[in-house]
Each structure stands twice: as C-alpha cells, then as structure tokens.
>>> print(open('protein-v5.cif').read())   # mmCIF, C-alpha atoms
data_work
#
loop_
_atom_site.label_atom_id
_atom_site.label_comp_id
_atom_site.auth_asym_id
_atom_site.auth_seq_id
_atom_site.Cartn_x
_atom_site.Cartn_y
_atom_site.Cartn_z
CA MET M 1156 16.09 0.99 11.19
CA THR M 1157 13.28 -1.39 12.04
CA ARG M 1158 11.64 -3.64 9.45
CA HIS M 1159 7.94 -3.28 10.14
CA VAL M 1160 5.50 -3.07 7.25
CA LEU M 1161 1.83 -2.13 7.47
CA ILE M 1162 -0.17 -3.91 4.77
CA LEU M 1163 -3.42 -2.12 3.94
CA GLY M 1164 -5.81 -4.47 2.20
CA GLY M 1165 -4.28 -7.54 3.80
CA HIS M 1166 -6.89 -10.01 2.55
CA GLY M 1167 -6.29 -9.18 -1.12
CA LYS M 1168 -4.56 -11.72 -3.33
CA VAL M 1169 -1.35 -9.74 -3.77
CA SER M 1170 -1.20 -9.00 -0.05
CA GLN M 1171 -1.61 -12.67 0.79
CA LEU M 1172 1.27 -13.46 -1.54
CA ILE M 1173 3.62 -10.82 -0.19
CA THR M 1174 2.94 -11.53 3.49
CA PRO M 1175 4.85 -14.85 3.73
CA ILE M 1176 7.66 -13.43 1.56
CA LEU M 1177 8.19 -10.61 4.04
CA LEU M 1178 7.88 -12.90 7.03
CA ARG M 1179 10.58 -15.18 5.61
CA ASN M 1180 12.73 -12.09 5.19
CA SER M 1181 12.36 -11.34 8.92
CA TRP M 1182 9.93 -8.45 8.60
CA THR M 1183 7.31 -7.69 11.19
CA VAL M 1184 4.05 -7.56 9.24
CA THR M 1185 0.86 -5.91 10.45
CA SER M 1186 -1.94 -6.88 8.07
CA VAL M 1187 -5.07 -4.74 8.09
CA ILE M 1188 -8.26 -6.55 7.10
CA ARG M 1189 -11.87 -5.45 7.13
CA SER M 1190 -13.54 -8.40 8.85
CA ALA M 1191 -12.85 -10.72 11.77
CA ASP M 1192 -13.96 -13.58 9.50
CA GLN M 1193 -10.77 -13.07 7.50
CA VAL M 1194 -8.42 -13.45 10.48
CA PRO M 1195 -7.87 -17.25 10.15
CA THR M 1196 -6.95 -16.87 6.47
CA ILE M 1197 -4.28 -14.28 7.27
CA GLU M 1198 -2.94 -16.12 10.28
CA LYS M 1199 -2.34 -19.22 8.14
CA LEU M 1200 0.11 -17.20 6.03
CA SER M 1201 2.65 -17.39 8.84
CA ALA M 1202 2.48 -21.19 9.15
CA GLY M 1203 5.95 -22.68 9.21
CA VAL M 1204 7.64 -19.27 9.14
CA SER M 1205 9.61 -18.42 12.27
CA ALA M 1206 11.77 -15.54 11.02
CA GLY M 1207 9.26 -12.69 11.10
CA LYS M 1208 6.24 -11.73 13.17
CA LEU M 1209 2.65 -11.38 11.95
CA ASN M 1210 0.05 -9.11 13.52
CA VAL M 1211 -3.53 -8.92 12.25
CA LEU M 1212 -5.61 -5.78 12.70
CA VAL M 1213 -9.33 -5.63 11.90
CA ARG M 1214 -10.08 -2.12 10.74
CA SER M 1215 -12.26 -0.56 8.03
CA ILE M 1216 -10.16 1.44 5.59
CA GLU M 1217 -13.37 2.62 3.98
CA ASP M 1218 -14.18 4.51 7.20
CA VAL M 1219 -10.99 6.60 6.95
CA LYS M 1220 -12.48 9.94 5.90
CA GLU M 1221 -9.64 12.30 6.82
CA GLN M 1222 -5.89 12.34 7.16
CA ALA M 1223 -6.05 12.42 10.97
CA GLN M 1224 -7.74 9.02 10.98
CA ALA M 1225 -5.02 7.55 8.79
CA GLN M 1226 -2.42 9.17 11.02
CA ALA M 1227 -3.99 7.53 14.07
CA VAL M 1228 -3.55 4.09 12.49
CA LEU M 1229 0.09 4.82 11.64
CA ASP M 1230 0.75 6.14 15.15
CA GLU M 1231 -0.80 2.99 16.62
CA ILE M 1232 1.15 0.52 14.46
CA LYS M 1233 4.40 2.49 14.06
CA PRO M 1234 5.54 0.93 10.75
CA ASP M 1235 8.51 2.18 8.75
CA THR M 1236 7.04 0.90 5.45
CA VAL M 1237 3.44 1.00 4.18
CA PHE M 1238 2.15 -1.33 1.45
CA TRP M 1239 -1.20 -0.41 -0.11
CA SER M 1240 -3.05 -3.13 -1.98
CA ALA M 1241 -6.54 -2.21 -0.80
CA GLY M 1242 -9.43 -1.20 -3.02
CA ALA M 1243 -12.88 -1.80 -4.33
CA GLY M 1244 -11.43 -2.39 -7.79
CA GLY M 1245 -14.12 -0.30 -9.44
CA LYS M 1246 -16.76 -2.84 -8.51
CA GLY M 1247 -20.02 -2.32 -6.65
CA ASN M 1248 -21.09 1.07 -5.33
CA PRO M 1249 -19.20 3.81 -7.21
CA GLU M 1250 -18.81 5.78 -3.99
CA ARG M 1251 -16.98 2.86 -2.41
CA THR M 1252 -14.34 2.94 -5.15
CA PHE M 1253 -13.74 6.63 -4.54
CA ALA M 1254 -13.84 6.21 -0.75
CA ILE M 1255 -11.12 3.54 -0.75
CA ASP M 1256 -9.06 3.74 -3.96
CA ARG M 1257 -8.94 7.54 -3.98
CA ASP M 1258 -9.79 9.18 -0.66
CA ALA M 1259 -8.46 6.69 1.90
CA ALA M 1260 -5.37 6.08 -0.23
CA VAL M 1261 -4.63 9.81 -0.37
CA HIS M 1262 -5.15 10.18 3.38
CA PHE M 1263 -2.69 7.38 4.11
CA ILE M 1264 -0.15 8.67 1.58
CA ARG M 1265 -0.22 12.13 3.13
CA ALA M 1266 -0.09 10.80 6.66
CA ALA M 1267 2.85 8.53 5.82
CA ALA M 1268 4.78 11.39 4.22
CA ALA M 1269 4.14 13.46 7.36
CA THR M 1270 5.53 10.70 9.61
CA PRO M 1271 9.34 10.95 9.85
CA SER M 1272 9.73 7.30 10.91
CA ILE M 1273 8.07 6.03 7.70
CA HIS M 1274 10.54 5.79 4.84
CA GLN M 1275 8.61 3.99 2.10
CA PHE M 1276 5.07 3.80 0.74
CA ILE M 1277 4.41 1.24 -1.99
CA LEU M 1278 1.04 1.38 -3.72
CA VAL M 1279 -0.27 -1.19 -6.19
CA SER M 1280 -1.97 0.59 -9.09
CA TYR M 1281 -2.24 -0.37 -12.77
CA LEU M 1282 -0.18 0.37 -15.85
CA ALA M 1283 -2.50 2.74 -17.72
CA SER M 1284 -3.15 5.01 -14.74
CA ARG M 1285 -1.93 8.30 -16.21
CA ARG M 1286 -3.53 11.37 -17.80
CA GLN M 1287 -0.79 12.13 -20.32
CA ARG M 1288 0.85 9.89 -22.87
CA ALA M 1289 4.17 8.42 -21.79
CA PRO M 1290 6.89 9.90 -24.05
CA TRP M 1291 8.21 6.43 -24.96
CA TRP M 1292 4.81 5.07 -26.06
CA ASP M 1293 3.72 4.97 -29.69
CA ASP M 1294 0.26 5.96 -30.92
CA LYS M 1295 -1.17 2.47 -30.60
CA THR M 1296 0.04 2.04 -27.03
CA TRP M 1297 -1.51 5.34 -25.96
CA ALA M 1298 -4.75 4.43 -27.75
CA ASP M 1299 -4.76 1.12 -25.86
CA ALA M 1300 -4.24 2.97 -22.58
CA GLU M 1301 -7.05 5.42 -23.29
CA LYS M 1302 -9.37 2.57 -24.24
CA MET M 1303 -8.54 0.76 -21.01
CA ASN M 1304 -9.16 3.88 -18.94
CA THR M 1305 -12.50 4.45 -20.65
CA MET M 1306 -13.54 0.88 -19.85
CA LEU M 1307 -12.35 1.33 -16.24
CA ALA M 1308 -13.54 4.92 -15.96
CA ARG M 1309 -14.47 4.85 -12.28
CA TYR M 1310 -11.36 2.93 -11.26
CA PHE M 1311 -9.13 5.17 -13.38
CA ALA M 1312 -10.62 8.33 -11.89
CA ALA M 1313 -9.81 7.07 -8.40
CA LYS M 1314 -6.40 5.47 -8.96
CA VAL M 1315 -4.87 8.28 -10.99
CA VAL M 1316 -5.48 10.71 -8.14
CA ALA M 1317 -3.67 8.43 -5.69
CA ASP M 1318 -0.79 7.89 -8.14
CA GLU M 1319 -0.36 11.64 -8.64
CA GLU M 1320 -0.49 12.27 -4.90
CA LEU M 1321 2.30 9.74 -4.43
CA ILE M 1322 4.51 11.85 -6.69
CA ARG M 1323 3.66 15.05 -4.82
CA GLN M 1324 4.21 13.59 -1.36
CA GLY M 1325 7.35 11.75 -2.39
CA ALA M 1326 8.87 15.11 -3.25
CA ARG M 1327 8.45 16.33 0.33
CA ARG M 1328 11.31 14.35 1.86
CA ASP M 1329 14.58 12.97 0.58
CA ASP M 1330 14.28 10.01 2.95
CA PHE M 1331 10.74 9.04 1.89
CA ALA M 1332 10.16 6.93 -1.24
CA ALA M 1333 6.60 6.86 -2.61
CA ILE M 1334 6.42 4.14 -5.26
CA SER M 1335 3.54 3.06 -7.49
CA VAL M 1336 3.91 -0.52 -8.79
CA ARG M 1337 1.74 -0.66 -11.91
CA PRO M 1338 0.92 -4.10 -13.32
CA GLY M 1339 -1.02 -5.06 -16.42
CA VAL M 1340 -3.88 -7.58 -16.39
CA LEU M 1341 -3.40 -9.61 -13.24
CA THR M 1342 -3.11 -13.39 -13.40
CA ASP M 1343 -2.54 -16.20 -10.92
CA GLU M 1344 0.51 -17.56 -12.72
CA PRO M 1345 3.75 -18.14 -10.77
CA ALA M 1346 6.22 -15.29 -10.47
CA GLY M 1347 8.61 -15.09 -13.39
CA LYS M 1348 10.67 -12.77 -15.53
CA VAL M 1349 9.57 -9.20 -15.99
CA GLU M 1350 9.45 -6.02 -18.01
CA LEU M 1351 9.86 -3.35 -15.33
CA GLY M 1352 10.10 0.42 -15.33
CA LYS M 1353 9.05 1.91 -18.66
CA THR M 1354 7.20 -0.77 -20.60
CA VAL M 1355 7.01 -0.68 -24.39
CA GLY M 1356 3.31 -1.54 -24.36
CA VAL M 1357 0.36 -1.21 -22.02
CA SER M 1358 -1.48 -4.40 -22.95
CA GLY M 1359 -0.26 -7.56 -21.33
CA ASP M 1360 -0.40 -9.80 -18.29
CA THR M 1361 1.30 -9.53 -14.93
CA SER M 1362 1.38 -12.33 -12.40
CA ARG M 1363 0.14 -11.31 -8.95
CA ALA M 1364 3.03 -13.32 -7.55
CA THR M 1365 5.39 -11.17 -9.59
CA VAL M 1366 3.78 -8.00 -8.19
CA ALA M 1367 4.38 -9.37 -4.70
CA GLU M 1368 7.99 -10.35 -5.43
CA VAL M 1369 8.84 -6.99 -7.03
CA SER M 1370 7.22 -5.06 -4.17
CA ALA M 1371 9.07 -7.13 -1.57
CA ALA M 1372 12.36 -6.60 -3.40
CA LEU M 1373 11.75 -2.83 -3.42
CA MET M 1374 11.15 -2.92 0.33
CA GLU M 1375 14.58 -4.47 0.75
CA ARG M 1376 15.95 -1.43 -1.12
CA VAL M 1377 14.66 1.13 1.37
CA GLY M 1378 17.02 4.07 1.34
CA GLU M 1379 18.00 3.29 -2.26
CA ALA M 1380 14.70 3.10 -4.16
CA LYS M 1381 13.33 6.55 -4.95
CA THR M 1382 9.88 8.00 -5.49
CA GLY M 1383 8.34 7.10 -8.83
CA TRP M 1384 6.08 4.91 -10.92
CA LEU M 1385 7.26 1.49 -12.06
CA ASP M 1386 5.21 -0.15 -14.81
CA LEU M 1387 5.29 -3.93 -14.69
CA LEU M 1388 4.50 -6.71 -17.17
CA ASP M 1389 5.54 -10.32 -17.48
CA GLY M 1390 8.67 -10.20 -19.61
CA THR M 1391 12.18 -11.49 -20.24
CA GLU M 1392 14.37 -9.85 -17.59
CA ASP M 1393 15.33 -11.55 -14.36
CA LEU M 1394 13.18 -10.09 -11.57
CA GLU M 1395 15.94 -9.32 -9.07
CA GLY M 1396 18.13 -7.90 -11.82
CA ALA M 1397 15.30 -5.70 -13.05
CA VAL M 1398 14.66 -4.29 -9.58
CA GLU M 1399 18.39 -3.64 -9.14
CA ARG M 1400 18.47 -1.86 -12.51
CA VAL M 1401 15.51 0.45 -11.96
CA VAL M 1402 16.77 1.39 -8.51
CA ARG M 1403 20.34 2.00 -9.73
CA GLU M 1404 19.22 4.02 -12.76
CA GLY M 1405 16.40 5.87 -11.00
CA VAL M 1406 13.87 4.76 -13.60
CA ASN M 1407 10.57 6.62 -13.24
CA ALA M 1408 7.58 5.96 -15.51
CA ALA M 1409 5.94 9.15 -14.20
CA GLU M 1410 8.04 11.09 -16.71
CA GLY M 1411 5.71 12.93 -19.06
CA ASP M 1412 2.99 13.16 -16.42
CA GLU M 1413 2.00 16.77 -15.74
CA VAL M 1414 2.29 16.49 -11.96
CA PHE M 1415 5.80 15.06 -12.21
CA GLU M 1416 6.92 17.59 -14.81
CA ASN M 1417 5.60 20.52 -12.76
CA LEU M 1418 7.55 19.35 -9.73
CA LYS M 1419 10.75 19.44 -11.78
CA LYS M 1420 10.31 23.14 -12.59
#
>>> encode(input="protein-v5.cif", output="structure tokens")
Amino acid sequence: MTRHVLILGGHGKVSQLITPILLRNSWTVTSVIRSADQVPTIEKLSAGVSAGKLNVLVRSIEDVKEQAQAQAVLDEIKPDTVFWSAGAGGKGNPERTFAIDRDAAVHFIRAAAATPSIHQFILVSYLASRRQRAPWWDDKTWADAEKMNTMLARYFAAKVVADEELIRQGARRDDFAAISVRPGVLTDEPAGKVELGKTVGVSGDTSRATVAEVSAALMERVGEAKTGWLDLLDGTEDLEGAVERVVREGVNAAEGDEVFENLKK
C-alpha cells in the first residue's frame, strides 16, 4: 500500500502542523490550498525534511458542487488517505459555511468511499457535533453541548451533516475507515497528553498540535483504525497510548447517535 495523503484545507493551522509530521514519517503529501499566494507558506513546511515528498495544489474546495467534481480531484491525485481540515468555520457568508463545511465535505466523503484505493478519511470536526446526547454524558455536559451548538448554530448545522455522512459511508466498506477527530476549544499550545475517545465533558481545550499528532498517529494505523467519532481534549493519557487503546478497543463516540444506531439494526 502506498502512503499518499491528500490534505484538504492545507493552509489551515492544523494542516500546517500535520504536514511536516507526515513528511518526516515518509508520506507523500498533496496539500490543497485555495490561493497561489499561500504556496510559499506550504512549501516551507518541507524545509529540512528529506523523507517524504510534498506537492502543493491550488484548487477551490468551495467550487466543488457535486460528487463528480470531488471524484475528479481524487482521480487526479490518487491518494490512499484523505485528511479534511478545510472550512469556513462558521465565519463570513453563511452560504460559504454550508458550501465548504457541509456540501463539499459530503461530496469528498462520498467520493472517497466510492474509490477502492482510498482506505481512510479523517475529518476534523468538534466535540459537540451531535444531535443526540451521548449515553455517557451527564445532564450538565449535554446542556453545555447544546449551549455550544446554539452559539455555533450555522457551524453546527454544517458539521453535523458531514459527521453523520462519515458514519454512513464508513459502513459501506470493511477496508475504508471514516474517522471524525473532534477537539474542544482549539489552542496553540504544544501537543501533550490527551483524553481521547469518549470524553467525560464537552467543555475544555485541545491543542491544535495534539489534533495533528493524533490524526497522524491514526493514519499510521490504516487497516486497524475503524470508522467512528473520536472526541479529543487535553488530558492525562499518553497520546500514543491513547491512540493505541481506542484503535484496539474500537472506541466510537458516535454511539447514541441516531445515524449510528440505525446502521446497527
């Protein structure tokens, strides 16, 4: 199996953190960015790294209006892993949030699941992106999640659709893992210990560097890591040990979500 990852949203902070990690681990990385002005920033990420190979592709994800367009990008790049950290983040024109965080994400998820050579799709979401209360959450935690989703109403409406589609598409193939990595409030602190899988609370910080490290570690587990949601906060467990645990135990924070439960029937 090749080790070629397509990063969608390559100029984002998490993407810029994960790119050199993957290059050092001998991955070929194709980073998709929206503007030629961003090319020098991305190219600098490979400075001093000789193990992997970096390609930069200028392409507008916002212009992907149907699955066939997403499929054309995948057919052009031929990755075996897709990493999605693109999005409007709920800012600016509401239609842009839905065009990127919901519609384009869904098109790429479906196209990836329909491509036999792609074995993993990792999407960066956020911890409260769910319509139903997690069974292991208490009343206060669910109230905190609902409050967060009300404050981020537009972002929530877009991201939850993509998260649910990941679960649906991940069920299509045994050799395709569709994983949502779901951090709390993002910070620029160094990567550290984690609470990963099913978090006790929903309120808390998550280092962007930790998101990058966890996502990269999951990529190394292709063929082992299964479809699911993994909630992520800064915590007390060793990062590599936490990833090994959730993969070994098949931890899935989508439990209790209606889409996931219906697929089990």
>>> closest_atom_pairs(input="protein-v5.cif", of="stretch 1370-1417 of chain M", to="stretch 1265-1287 of chain M", cutoff="12 Å", atoms="only C-alpha atoms", output="JSON lines")
{"residue": "M:Ser1370", "atom": "CA", "partner": "M:Ile1277", "partner_atom": "CA", "distance": 7.2}
{"residue": "M:Ala1371", "atom": "CA", "partner": "M:Ile1277", "partner_atom": "CA", "distance": 9.6}
{"residue": "M:Ala1372", "atom": "CA", "partner": "M:Ile1277", "partner_atom": "CA", "distance": 11.3}
{"residue": "M:Leu1373", "atom": "CA", "partner": "M:Ile1277", "partner_atom": "CA", "distance": 8.5}
{"residue": "M:Met1374", "atom": "CA", "partner": "M:Gln1275", "partner_atom": "CA", "distance": 7.6}
{"residue": "M:Glu1375", "atom": "CA", "partner": "M:Gln1275", "partner_atom": "CA", "distance": 10.4}
{"residue": "M:Arg1376", "atom": "CA", "partner": "M:Gln1275", "partner_atom": "CA", "distance": 9.7}
{"residue": "M:Val1377", "atom": "CA", "partner": "M:Gln1275", "partner_atom": "CA", "distance": 6.7}
{"residue": "M:Gly1378", "atom": "CA", "partner": "M:His1274", "partner_atom": "CA", "distance": 7.6}
{"residue": "M:Glu1379", "atom": "CA", "partner": "M:Gln1275", "partner_atom": "CA", "distance": 10.4}
{"residue": "M:Ala1380", "atom": "CA", "partner": "M:Gln1275", "partner_atom": "CA", "distance": 8.8}
{"residue": "M:Lys1381", "atom": "CA", "partner": "M:Gln1275", "partner_atom": "CA", "distance": 8.9}
{"residue": "M:Thr1382", "atom": "CA", "partner": "M:Gln1275", "partner_atom": "CA", "distance": 8.7}
{"residue": "M:Gly1383", "atom": "CA", "partner": "M:Ile1277", "partner_atom": "CA", "distance": 9.8}
{"residue": "M:Trp1384", "atom": "CA", "partner": "M:Leu1282", "partner_atom": "CA", "distance": 9.2}
{"residue": "M:Leu1385", "atom": "CA", "partner": "M:Leu1282", "partner_atom": "CA", "distance": 8.4}
{"residue": "M:Asp1386", "atom": "CA", "partner": "M:Leu1282", "partner_atom": "CA", "distance": 5.5}
{"residue": "M:Leu1387", "atom": "CA", "partner": "M:Leu1282", "partner_atom": "CA", "distance": 7.1}
{"residue": "M:Leu1388", "atom": "CA", "partner": "M:Leu1282", "partner_atom": "CA", "distance": 8.6}
{"residue": "M:Ala1408", "atom": "CA", "partner": "M:Leu1282", "partner_atom": "CA", "distance": 9.6}
{"residue": "M:Ala1409", "atom": "CA", "partner": "M:Arg1285", "partner_atom": "CA", "distance": 8.2}
{"residue": "M:Glu1410", "atom": "CA", "partner": "M:Gln1287", "partner_atom": "CA", "distance": 9.6}
{"residue": "M:Gly1411", "atom": "CA", "partner": "M:Gln1287", "partner_atom": "CA", "distance": 6.7}
{"residue": "M:Asp1412", "atom": "CA", "partner": "M:Gln1287", "partner_atom": "CA", "distance": 5.5}
{"residue": "M:Glu1413", "atom": "CA", "partner": "M:Gln1287", "partner_atom": "CA", "distance": 7.1}
{"residue": "M:Val1414", "atom": "CA", "partner": "M:Arg1286", "partner_atom": "CA", "distance": 9.7}
{"residue": "M:Phe1415", "atom": "CA", "partner": "M:Gln1287", "partner_atom": "CA", "distance": 10.9}
{"residue": "M:Glu1416", "atom": "CA", "partner": "M:Gln1287", "partner_atom": "CA", "distance": 10.9}
>>> closest_residue(input="protein-v5.cif", among="M:Glu1395, M:Asp1389, M:Asp1343, M:Asp1192", to="M:Val1355", atoms="only C-alpha atoms")
M:Asp1389
>>> atom_distance(input="protein-v5.cif", atom1="atom CA of M:Val1211", atom2="atom CA of M:Arg1337")
26.1 Å
>>> atom_distance(input="protein-v5.cif", atom1="atom CA of M:Ala1300", atom2="atom CA of M:Val1357")
6.2 Å
>>> resolve_selection(input="protein-v5.cif", expression="the PyMOL selection byres ((chain M and resi 1323) around 9)", output="ChimeraX atom specification")
/M:1319-1322,1324-1327,1333,1414-1415,1418
>>> write_last_selection(input="protein-v5.cif", atoms="C-alpha atoms", output="tab-separated table (two decimals), keeping the file's coordinate frame")
chain	number	residue	atom	x	y	z
M	1319	GLU	CA	-0.36	11.64	-8.64
M	1320	GLU	CA	-0.49	12.27	-4.90
M	1321	LEU	CA	2.30	9.74	-4.43
M	1322	ILE	CA	4.51	11.85	-6.69
M	1324	GLN	CA	4.21	13.59	-1.36
M	1325	GLY	CA	7.35	11.75	-2.39
M	1326	ALA	CA	8.87	15.11	-3.25
M	1327	ARG	CA	8.45	16.33	0.33
M	1333	ALA	CA	6.60	6.86	-2.61
M	1414	VAL	CA	2.29	16.49	-11.96
M	1415	PHE	CA	5.80	15.06	-12.21
M	1418	LEU	CA	7.55	19.35	-9.73
>>> closest_residue(input="protein-v5.cif", among="M:Asn1248, M:Thr1391, M:Gln1224, M:Thr1342", to="M:Ser1362", atoms="all atoms listed in the file")
M:Thr1342
>>> closest_residue(input="protein-v5.cif", among="M:Ile1216, M:Lys1233, M:Glu1368, M:Trp1291", to="M:His1262", atoms="only C-alpha atoms")
M:Ile1216
>>> residues_around(input="protein-v5.cif", residues="M:Gly1164", least_positions_apart="5", cutoff="12 Å", atoms="all atoms listed in the file", output="VMD selection string")
chain M and resid 1169 to 1171 1173 to 1174 1185 to 1190 1193 1197 1211 to 1217 1237 to 1244 1255 to 1256 1259 to 1260 1278 to 1279
>>> residues_around(input="protein-v5.cif", residues="M:Ile1232", least_positions_apart="4", cutoff="10 Å", atoms="only C-alpha atoms", output="short mmCIF file (atom, residue, chain, number, x, y, z; two decimals) with C-alpha atoms, keeping the file's coordinate frame")
data_model
loop_
_atom_site.label_atom_id
_atom_site.label_comp_id
_atom_site.auth_asym_id
_atom_site.auth_seq_id
_atom_site.Cartn_x
_atom_site.Cartn_y
_atom_site.Cartn_z
CA HIS M 1159 7.94 -3.28 10.14
CA VAL M 1160 5.50 -3.07 7.25
CA LEU M 1161 1.83 -2.13 7.47
CA THR M 1185 0.86 -5.91 10.45
CA ASN M 1210 0.05 -9.11 13.52
CA LEU M 1212 -5.61 -5.78 12.70
CA GLN M 1226 -2.42 9.17 11.02
CA ALA M 1227 -3.99 7.53 14.07
CA VAL M 1228 -3.55 4.09 12.49
#
>>> resolve_selection(input="protein-v5.cif", expression="the PyMOL selection byres ((chain M and resi 1201) around 12)", output="ChimeraX atom specification")
/M:1171-1186,1194-1200,1202-1211
>>> atom_distance(input="protein-v5.cif", atom1="atom CA of M:Val1398", atom2="atom CA of M:Val1369")
6.9 Å
>>> closest_residue(input="protein-v5.cif", among="M:Lys1302, M:Lys1314, M:Lys1348, M:Lys1220", to="M:Ser1335", atoms="all atoms listed in the file")
M:Lys1314
>>> closest_residue(input="protein-v5.cif", among="M:Thr1365, M:Gly1359, M:Asp1330, M:Leu1229", to="M:Glu1344", atoms="all atoms listed in the file")
M:Thr1365
>>> closest_residue(input="protein-v5.cif", among="M:Trp1297, M:Lys1168, M:Val1315, M:Gly1396", to="M:Ala1364", atoms="all atoms listed in the file")
M:Lys1168
>>> decode(input="protein-v5.cif", residues="stretch 1268-1288 of chain M", atoms="C-alpha atoms", output="PDB file, in the first residue's frame")
ATOM      1  CA  ALA M1268     -15.822   5.866  -0.054  1.00  0.00           C
ATOM      2  CA  ALA M1269     -16.526   5.095  -3.718  1.00  0.00           C
ATOM      3  CA  THR M1270     -12.797   4.909  -4.531  1.00  0.00           C
ATOM      4  CA  PRO M1271     -11.424   1.419  -3.744  1.00  0.00           C
ATOM      5  CA  SER M1272      -7.819   2.657  -3.482  1.00  0.00           C
ATOM      6  CA  ILE M1273      -8.701   5.080  -0.648  1.00  0.00           C
ATOM      7  CA  HIS M1274      -8.686   3.360   2.725  1.00  0.00           C
ATOM      8  CA  GLN M1275      -9.037   6.206   5.221  1.00  0.00           C
ATOM      9  CA  PHE M1276     -10.799   9.562   5.513  1.00  0.00           C
ATOM     10  CA  ILE M1277     -10.032  11.649   8.593  1.00  0.00           C
ATOM     11  CA  LEU M1278     -12.150  14.742   9.166  1.00  0.00           C
ATOM     12  CA  VAL M1279     -11.514  17.376  11.829  1.00  0.00           C
ATOM     13  CA  SER M1280     -14.820  18.363  13.439  1.00  0.00           C
ATOM     14  CA  TYR M1281     -15.607  19.483  17.001  1.00  0.00           C
ATOM     15  CA  LEU M1282     -16.647  17.683  20.160  1.00  0.00           C
ATOM     16  CA  ALA M1283     -20.267  18.834  20.479  1.00  0.00           C
ATOM     17  CA  SER M1284     -21.209  17.991  16.885  1.00  0.00           C
ATOM     18  CA  ARG M1285     -24.048  15.554  17.563  1.00  0.00           C
ATOM     19  CA  ARG M1286     -27.856  15.706  17.616  1.00  0.00           C
ATOM     20  CA  GLN M1287     -28.427  13.242  20.449  1.00  0.00           C
ATOM     21  CA  ARG M1288     -26.949  13.145  23.918  1.00  0.00           C
TER      22      ARG M1288
END
